[in-house]
Amino acid sequence: DISRDGAMQGTNRELYRTKQSGLKGRADYEASPFLLAEYRYACYNDFRCFWVAVGKDKVEMAEQKYIYVAFVRSNTAAGAIIRKITGWSYSHVSVSLNRKTGKFYAFSRLNCGSPFWAGFTQEYRSNYSLLKDKPVEITYYKIPVTVEELKKVKAFIYMLSRDKEYIFNYPSMVTTTILHGFRMYKSFNCVTFVSKILSFLNSVELKKKYYKYDLMELEEAVSSFRDGSETVCINR
């Protein structure tokens with residue numbers, strides 16, 4: 001469909017027109033310097049992938065990126081207490097850069113047996129269950145990000161993994177239904193950590209300061225990006 005000299009044939013001319021080109025008609029397109037470059041477009045699954053020519057023999061690929069926010073209804077005692085007191089559907093939230101890996105980042109307990117020793121951690125589905133064969137419910141939200149936003153998210157996560165001074169913000173968490181959240185120096189809880197990451201993104205509108213969100217308000221902020229849910233049993 002694309003000849004060696006870069007000229008696009010037939011209906012492909014209409015397919016390859018973009019908003020950036022500012023072209024409206026076939027005559028405009030034929031007179032455009034865009035014909036000096038090669039274009040190719042492909043759609044597969046739910047990924048949008050396109051190649052933009054930056055020279056006759058040099059093509060750059062751009063692909064839509066995502067991060068995943070996971071809301072968890074854990075079967076731990078602490079999770080059950082949180083849901084009982086607040087009336088929330090969930091008791092925990094985390095972020096994943098790739099849902100398929102099952103790897104999540106969060107401010108949470110650092111030891112499965114101790115809810116009072118907590119901080120920044122990398123966790124897996126097995127961290128959400130302390131009871132054998134009792135199901136854990138996880139709901140996912142798939143958030144589109146730009147390349148630059150993804151770099152910022154990764155840099156933030158890397159910084160937290162290196163800086164051991166960051167602690168879990170217990171005072172804000174236990175008073176959230178009364179004081180509605182407040183900041184502490186080098187401190188996050190699971191909700192403020194995720195909302196801080198979402199504050200980097202143009203695709204999510206936060207209507208108040210990131211540390212003022214509770215768990216259900218955060219879910220409402222990303223509600224349009226729901227990507228399904230799963231119920232998993234952890235066999236120990």
# chains A, B, ... in the order shown; residues from 1 in each chain; ligands from 1
>>> residues_around(residues="range 163-167 of chain A", least_positions_apart="4", cutoff="12 Å", atoms="only C-alpha atoms", output="PyMOL selection string")
chain A and resi 106-110+116-121+156-159+171+183-190+193
>>> closest_residue(among="A:Val194, A:Leu215, A:Ile178, A:Ala221", to="Ser91 in chain A", atoms="only C-alpha atoms")
A:Leu215
>>> residues_around(residues="Ser203 in chain A", least_positions_apart="3", cutoff="12 Å", atoms="only C-alpha atoms", output="PDB file with all heavy atoms, in the first residue's frame")
ATOM      1  N   LYS A  65      -0.019   4.254  26.548  1.00  0.00           N
ATOM      2  CA  LYS A  65       0.431   3.649  27.792  1.00  0.00           C
ATOM      3  C   LYS A  65      -0.664   3.758  28.846  1.00  0.00           C
ATOM      4  O   LYS A  65      -1.515   4.645  28.802  1.00  0.00           O
ATOM      5  CB  LYS A  65       1.698   4.348  28.300  1.00  0.00           C
ATOM      6  CG  LYS A  65       2.838   4.414  27.298  1.00  0.00           C
ATOM      7  CD  LYS A  65       3.399   3.035  27.009  1.00  0.00           C
ATOM      8  CE  LYS A  65       4.602   3.131  26.067  1.00  0.00           C
ATOM      9  NZ  LYS A  65       5.137   1.797  25.727  1.00  0.00           N
ATOM     10  N   TYR A  66      -0.599   2.857  29.848  1.00  0.00           N
ATOM     11  CA  TYR A  66      -1.584   2.852  30.929  1.00  0.00           C
ATOM     12  C   TYR A  66      -0.913   2.548  32.256  1.00  0.00           C
ATOM     13  O   TYR A  66       0.140   1.902  32.308  1.00  0.00           O
ATOM     14  CB  TYR A  66      -2.665   1.789  30.684  1.00  0.00           C
ATOM     15  CG  TYR A  66      -3.457   1.959  29.417  1.00  0.00           C
ATOM     16  CD1 TYR A  66      -3.057   1.321  28.247  1.00  0.00           C
ATOM     17  CD2 TYR A  66      -4.597   2.754  29.390  1.00  0.00           C
ATOM     18  CE1 TYR A  66      -3.785   1.474  27.064  1.00  0.00           C
ATOM     19  CE2 TYR A  66      -5.331   2.913  28.223  1.00  0.00           C
ATOM     20  CZ  TYR A  66      -4.921   2.269  27.069  1.00  0.00           C
ATOM     21  OH  TYR A  66      -5.637   2.433  25.906  1.00  0.00           O
ATOM     22  N   ILE A  67      -1.542   3.009  33.341  1.00  0.00           N
ATOM     23  CA  ILE A  67      -1.257   2.478  34.657  1.00  0.00           C
ATOM     24  C   ILE A  67      -2.574   1.913  35.191  1.00  0.00           C
ATOM     25  O   ILE A  67      -3.646   2.220  34.656  1.00  0.00           O
ATOM     26  CB  ILE A  67      -0.684   3.529  35.625  1.00  0.00           C
ATOM     27  CG1 ILE A  67      -1.711   4.643  35.892  1.00  0.00           C
ATOM     28  CG2 ILE A  67       0.623   4.088  35.103  1.00  0.00           C
ATOM     29  CD1 ILE A  67      -1.295   5.598  36.996  1.00  0.00           C
ATOM     30  N   LYS A 142      -8.182   1.241  34.552  1.00  0.00           N
ATOM     31  CA  LYS A 142      -7.100   1.350  33.566  1.00  0.00           C
ATOM     32  C   LYS A 142      -6.984   2.813  33.139  1.00  0.00           C
ATOM     33  O   LYS A 142      -7.835   3.325  32.410  1.00  0.00           O
ATOM     34  CB  LYS A 142      -7.412   0.448  32.377  1.00  0.00           C
ATOM     35  CG  LYS A 142      -6.352   0.374  31.301  1.00  0.00           C
ATOM     36  CD  LYS A 142      -6.820  -0.604  30.222  1.00  0.00           C
ATOM     37  CE  LYS A 142      -5.815  -0.747  29.104  1.00  0.00           C
ATOM     38  NZ  LYS A 142      -6.297  -1.698  28.060  1.00  0.00           N
ATOM     39  N   ILE A 143      -5.920   3.482  33.567  1.00  0.00           N
ATOM     40  CA  ILE A 143      -5.788   4.930  33.376  1.00  0.00           C
ATOM     41  C   ILE A 143      -4.792   5.230  32.253  1.00  0.00           C
ATOM     42  O   ILE A 143      -3.620   4.846  32.342  1.00  0.00           O
ATOM     43  CB  ILE A 143      -5.303   5.614  34.665  1.00  0.00           C
ATOM     44  CG1 ILE A 143      -6.030   5.065  35.902  1.00  0.00           C
ATOM     45  CG2 ILE A 143      -5.453   7.118  34.538  1.00  0.00           C
ATOM     46  CD1 ILE A 143      -7.496   5.340  35.941  1.00  0.00           C
ATOM     47  N   PRO A 144      -5.215   5.911  31.188  1.00  0.00           N
ATOM     48  CA  PRO A 144      -4.276   6.261  30.117  1.00  0.00           C
ATOM     49  C   PRO A 144      -3.293   7.336  30.568  1.00  0.00           C
ATOM     50  O   PRO A 144      -3.656   8.268  31.293  1.00  0.00           O
ATOM     51  CB  PRO A 144      -5.192   6.785  29.002  1.00  0.00           C
ATOM     52  CG  PRO A 144      -6.415   7.266  29.714  1.00  0.00           C
ATOM     53  CD  PRO A 144      -6.588   6.375  30.903  1.00  0.00           C
ATOM     54  N   VAL A 145      -2.049   7.183  30.172  1.00  0.00           N
ATOM     55  CA  VAL A 145      -1.004   8.145  30.516  1.00  0.00           C
ATOM     56  C   VAL A 145      -0.160   8.443  29.288  1.00  0.00           C
ATOM     57  O   VAL A 145      -0.063   7.622  28.373  1.00  0.00           O
ATOM     58  CB  VAL A 145      -0.095   7.614  31.648  1.00  0.00           C
ATOM     59  CG1 VAL A 145      -0.877   7.433  32.937  1.00  0.00           C
ATOM     60  CG2 VAL A 145       0.577   6.306  31.247  1.00  0.00           C
ATOM     61  N   THR A 146       0.440   9.611  29.264  1.00  0.00           N
ATOM     62  CA  THR A 146       1.403   9.932  28.220  1.00  0.00           C
ATOM     63  C   THR A 146       2.757   9.352  28.604  1.00  0.00           C
ATOM     64  O   THR A 146       2.973   8.922  29.738  1.00  0.00           O
ATOM     65  CB  THR A 146       1.533  11.449  28.038  1.00  0.00           C
ATOM     66  OG1 THR A 146       2.117  12.008  29.237  1.00  0.00           O
ATOM     67  CG2 THR A 146       0.176  12.096  27.789  1.00  0.00           C
ATOM     68  N   GLU A 149       4.146  11.423  31.422  1.00  0.00           N
ATOM     69  CA  GLU A 149       3.466  11.150  32.693  1.00  0.00           C
ATOM     70  C   GLU A 149       3.927   9.824  33.280  1.00  0.00           C
ATOM     71  O   GLU A 149       4.130   9.699  34.496  1.00  0.00           O
ATOM     72  CB  GLU A 149       1.954  11.145  32.484  1.00  0.00           C
ATOM     73  CG  GLU A 149       1.372  12.529  32.235  1.00  0.00           C
ATOM     74  CD  GLU A 149      -0.086  12.482  31.824  1.00  0.00           C
ATOM     75  OE1 GLU A 149      -0.568  11.394  31.444  1.00  0.00           O
ATOM     76  OE2 GLU A 149      -0.745  13.540  31.854  1.00  0.00           O
ATOM     77  N   ILE A 197      -0.189  10.093  42.787  1.00  0.00           N
ATOM     78  CA  ILE A 197       0.170   9.653  41.436  1.00  0.00           C
ATOM     79  C   ILE A 197      -0.855  10.158  40.424  1.00  0.00           C
ATOM     80  O   ILE A 197      -0.492  10.645  39.342  1.00  0.00           O
ATOM     81  CB  ILE A 197       0.271   8.114  41.391  1.00  0.00           C
ATOM     82  CG1 ILE A 197       1.564   7.659  42.073  1.00  0.00           C
ATOM     83  CG2 ILE A 197       0.213   7.595  39.950  1.00  0.00           C
ATOM     84  CD1 ILE A 197       1.783   6.174  42.093  1.00  0.00           C
ATOM     85  N   LEU A 198      -2.139  10.074  40.759  1.00  0.00           N
ATOM     86  CA  LEU A 198      -3.176  10.534  39.833  1.00  0.00           C
ATOM     87  C   LEU A 198      -3.085  12.038  39.594  1.00  0.00           C
ATOM     88  O   LEU A 198      -3.510  12.528  38.540  1.00  0.00           O
ATOM     89  CB  LEU A 198      -4.557  10.169  40.370  1.00  0.00           C
ATOM     90  CG  LEU A 198      -4.860   8.670  40.462  1.00  0.00           C
ATOM     91  CD1 LEU A 198      -6.266   8.445  41.017  1.00  0.00           C
ATOM     92  CD2 LEU A 198      -4.715   7.985  39.103  1.00  0.00           C
ATOM     93  N   SER A 199      -2.531  12.774  40.551  1.00  0.00           N
ATOM     94  CA  SER A 199      -2.388  14.226  40.377  1.00  0.00           C
ATOM     95  C   SER A 199      -1.374  14.569  39.284  1.00  0.00           C
ATOM     96  O   SER A 199      -1.336  15.700  38.810  1.00  0.00           O
ATOM     97  CB  SER A 199      -1.977  14.880  41.699  1.00  0.00           C
ATOM     98  OG  SER A 199      -0.626  14.591  42.028  1.00  0.00           O
ATOM     99  N   PHE A 200      -0.552  13.594  38.877  1.00  0.00           N
ATOM    100  CA  PHE A 200       0.403  13.811  37.788  1.00  0.00           C
ATOM    101  C   PHE A 200      -0.260  13.742  36.419  1.00  0.00           C
ATOM    102  O   PHE A 200       0.346  14.126  35.415  1.00  0.00           O
ATOM    103  CB  PHE A 200       1.514  12.750  37.818  1.00  0.00           C
ATOM    104  CG  PHE A 200       2.336  12.707  39.073  1.00  0.00           C
ATOM    105  CD1 PHE A 200       2.957  11.525  39.463  1.00  0.00           C
ATOM    106  CD2 PHE A 200       2.491  13.829  39.873  1.00  0.00           C
ATOM    107  CE1 PHE A 200       3.725  11.461  40.617  1.00  0.00           C
ATOM    108  CE2 PHE A 200       3.265  13.786  41.031  1.00  0.00           C
ATOM    109  CZ  PHE A 200       3.872  12.597  41.400  1.00  0.00           C
ATOM    110  N   LEU A 206      -8.832  15.705  39.541  1.00  0.00           N
ATOM    111  CA  LEU A 206      -8.964  15.750  40.988  1.00  0.00           C
ATOM    112  C   LEU A 206      -9.492  17.135  41.365  1.00  0.00           C
ATOM    113  O   LEU A 206      -8.866  18.140  41.057  1.00  0.00           O
ATOM    114  CB  LEU A 206      -7.617  15.485  41.663  1.00  0.00           C
ATOM    115  CG  LEU A 206      -6.998  14.105  41.436  1.00  0.00           C
ATOM    116  CD1 LEU A 206      -5.714  13.957  42.247  1.00  0.00           C
ATOM    117  CD2 LEU A 206      -7.968  12.989  41.773  1.00  0.00           C
ATOM    118  N   ALA A 221     -13.428   9.288  41.347  1.00  0.00           N
ATOM    119  CA  ALA A 221     -12.612  10.106  40.447  1.00  0.00           C
ATOM    120  C   ALA A 221     -12.123   9.321  39.234  1.00  0.00           C
ATOM    121  O   ALA A 221     -11.876   9.906  38.171  1.00  0.00           O
ATOM    122  CB  ALA A 221     -11.421  10.686  41.208  1.00  0.00           C
ATOM    123  N   VAL A 222     -11.976   7.997  39.368  1.00  0.00           N
ATOM    124  CA  VAL A 222     -11.482   7.179  38.254  1.00  0.00           C
ATOM    125  C   VAL A 222     -12.567   6.271  37.691  1.00  0.00           C
ATOM    126  O   VAL A 222     -12.271   5.377  36.884  1.00  0.00           O
ATOM    127  CB  VAL A 222     -10.263   6.332  38.688  1.00  0.00           C
ATOM    128  CG1 VAL A 222      -9.115   7.225  39.113  1.00  0.00           C
ATOM    129  CG2 VAL A 222     -10.635   5.354  39.803  1.00  0.00           C
ATOM    130  N   SER A 223     -13.814   6.492  38.062  1.00  0.00           N
ATOM    131  CA  SER A 223     -14.907   5.575  37.733  1.00  0.00           C
ATOM    132  C   SER A 223     -15.074   5.320  36.239  1.00  0.00           C
ATOM    133  O   SER A 223     -15.490   4.230  35.832  1.00  0.00           O
ATOM    134  CB  SER A 223     -16.222   6.081  38.325  1.00  0.00           C
ATOM    135  OG  SER A 223     -16.532   7.376  37.825  1.00  0.00           O
ATOM    136  N   SER A 224     -14.743   6.292  35.406  1.00  0.00           N
ATOM    137  CA  SER A 224     -14.934   6.124  33.963  1.00  0.00           C
ATOM    138  C   SER A 224     -13.887   5.214  33.327  1.00  0.00           C
ATOM    139  O   SER A 224     -13.988   4.866  32.152  1.00  0.00           O
ATOM    140  CB  SER A 224     -14.904   7.489  33.264  1.00  0.00           C
ATOM    141  OG  SER A 224     -13.659   8.132  33.467  1.00  0.00           O
ATOM    142  N   PHE A 225     -12.879   4.797  34.104  1.00  0.00           N
ATOM    143  CA  PHE A 225     -11.798   3.975  33.566  1.00  0.00           C
ATOM    144  C   PHE A 225     -11.859   2.528  34.051  1.00  0.00           C
ATOM    145  O   PHE A 225     -10.870   1.808  33.968  1.00  0.00           O
ATOM    146  CB  PHE A 225     -10.436   4.575  33.945  1.00  0.00           C
ATOM    147  CG  PHE A 225     -10.234   5.982  33.468  1.00  0.00           C
ATOM    148  CD1 PHE A 225     -10.315   7.045  34.361  1.00  0.00           C
ATOM    149  CD2 PHE A 225      -9.985   6.251  32.137  1.00  0.00           C
ATOM    150  CE1 PHE A 225     -10.134   8.341  33.938  1.00  0.00           C
ATOM    151  CE2 PHE A 225      -9.808   7.546  31.690  1.00  0.00           C
ATOM    152  CZ  PHE A 225      -9.885   8.595  32.589  1.00  0.00           C
TER     153      PHE A 225
END
>>> atom_distance(atom1="CA of Ala155 in chain A", atom2="CA of Thr192 in chain A")
17.0 Å
>>> atom_distance(atom1="CA of Met173 in chain A", atom2="CA of Ser74 in chain A")
16.8 Å
>>> closest_residue(among="A:Ala70, A:Lys196, A:Glu137, A:Thr231", to="Glu219 in chain A", atoms="only C-alpha atoms")
A:Ala70
>>> closest_residue(among="A:Ser172, A:Glu217, A:Ile138, A:Lys207", to="Arg99 in chain A", atoms="only C-alpha atoms")
A:Ile138
>>> atom_distance(atom1="CA of Tyr211 in chain A", atom2="CA of Gly181 in chain A")
5.6 Å
>>> closest_residue(among="A:Tyr124, A:His180, A:Thr175, A:Val147", to="Glu63 in chain A", atoms="only C-alpha atoms")
A:Val147
>>> select_by_dssp(residues="range 143-213 of chain A", states="helix (DSSP H, G or I)", output="PyMOL selection string")
chain A and resi 147-162+170-174+176-179+190-198+210-212
>>> residues_around(residues="Ser96 in chain A", least_positions_apart="4", cutoff="8 Å", atoms="only C-alpha atoms", output="list in words")
Ile67, Tyr68, Val69, Ala70, Gly102, Lys103, Phe104 and Tyr105 of chain A
>>> write_last_selection(atoms="N, CA and C atoms", output="CSV table (one decimal), in the first residue's frame")
chain,number,residue,atom,x,y,z
A,67,ILE,N,-1.5,3.0,33.3
A,67,ILE,CA,-1.3,2.5,34.7
A,67,ILE,C,-2.6,1.9,35.2
A,68,TYR,N,-2.5,1.1,36.2
A,68,TYR,CA,-3.7,0.4,36.8
A,68,TYR,C,-3.8,0.8,38.2
A,69,VAL,N,-5.0,1.2,38.6
A,69,VAL,CA,-5.4,1.4,40.0
A,69,VAL,C,-6.2,0.2,40.5
A,70,ALA,N,-5.8,-0.4,41.6
A,70,ALA,CA,-6.5,-1.6,42.1
A,70,ALA,C,-7.2,-1.3,43.4
A,102,GLY,N,0.9,-8.8,38.1
A,102,GLY,CA,0.4,-9.0,39.4
A,102,GLY,C,1.2,-8.3,40.5
A,103,LYS,N,2.0,-7.3,40.0
A,103,LYS,CA,2.9,-6.6,40.9
A,103,LYS,C,2.3,-5.2,41.2
A,104,PHE,N,2.1,-4.9,42.5
A,104,PHE,CA,1.5,-3.6,42.9
A,104,PHE,C,2.4,-2.8,43.8
A,105,TYR,N,2.2,-1.5,43.8
A,105,TYR,CA,2.9,-0.6,44.7
A,105,TYR,C,1.9,0.1,45.6
>>> closest_residue(among="A:Leu150, A:Arg125, A:Tyr140, A:Ile82", to="Ser229 in chain A", atoms="only C-alpha atoms")
A:Tyr140
>>> closest_residue(among="A:Tyr141, A:Asn202, A:Lys208, A:Glu123", to="Thr101 in chain A", atoms="only C-alpha atoms")
A:Glu123
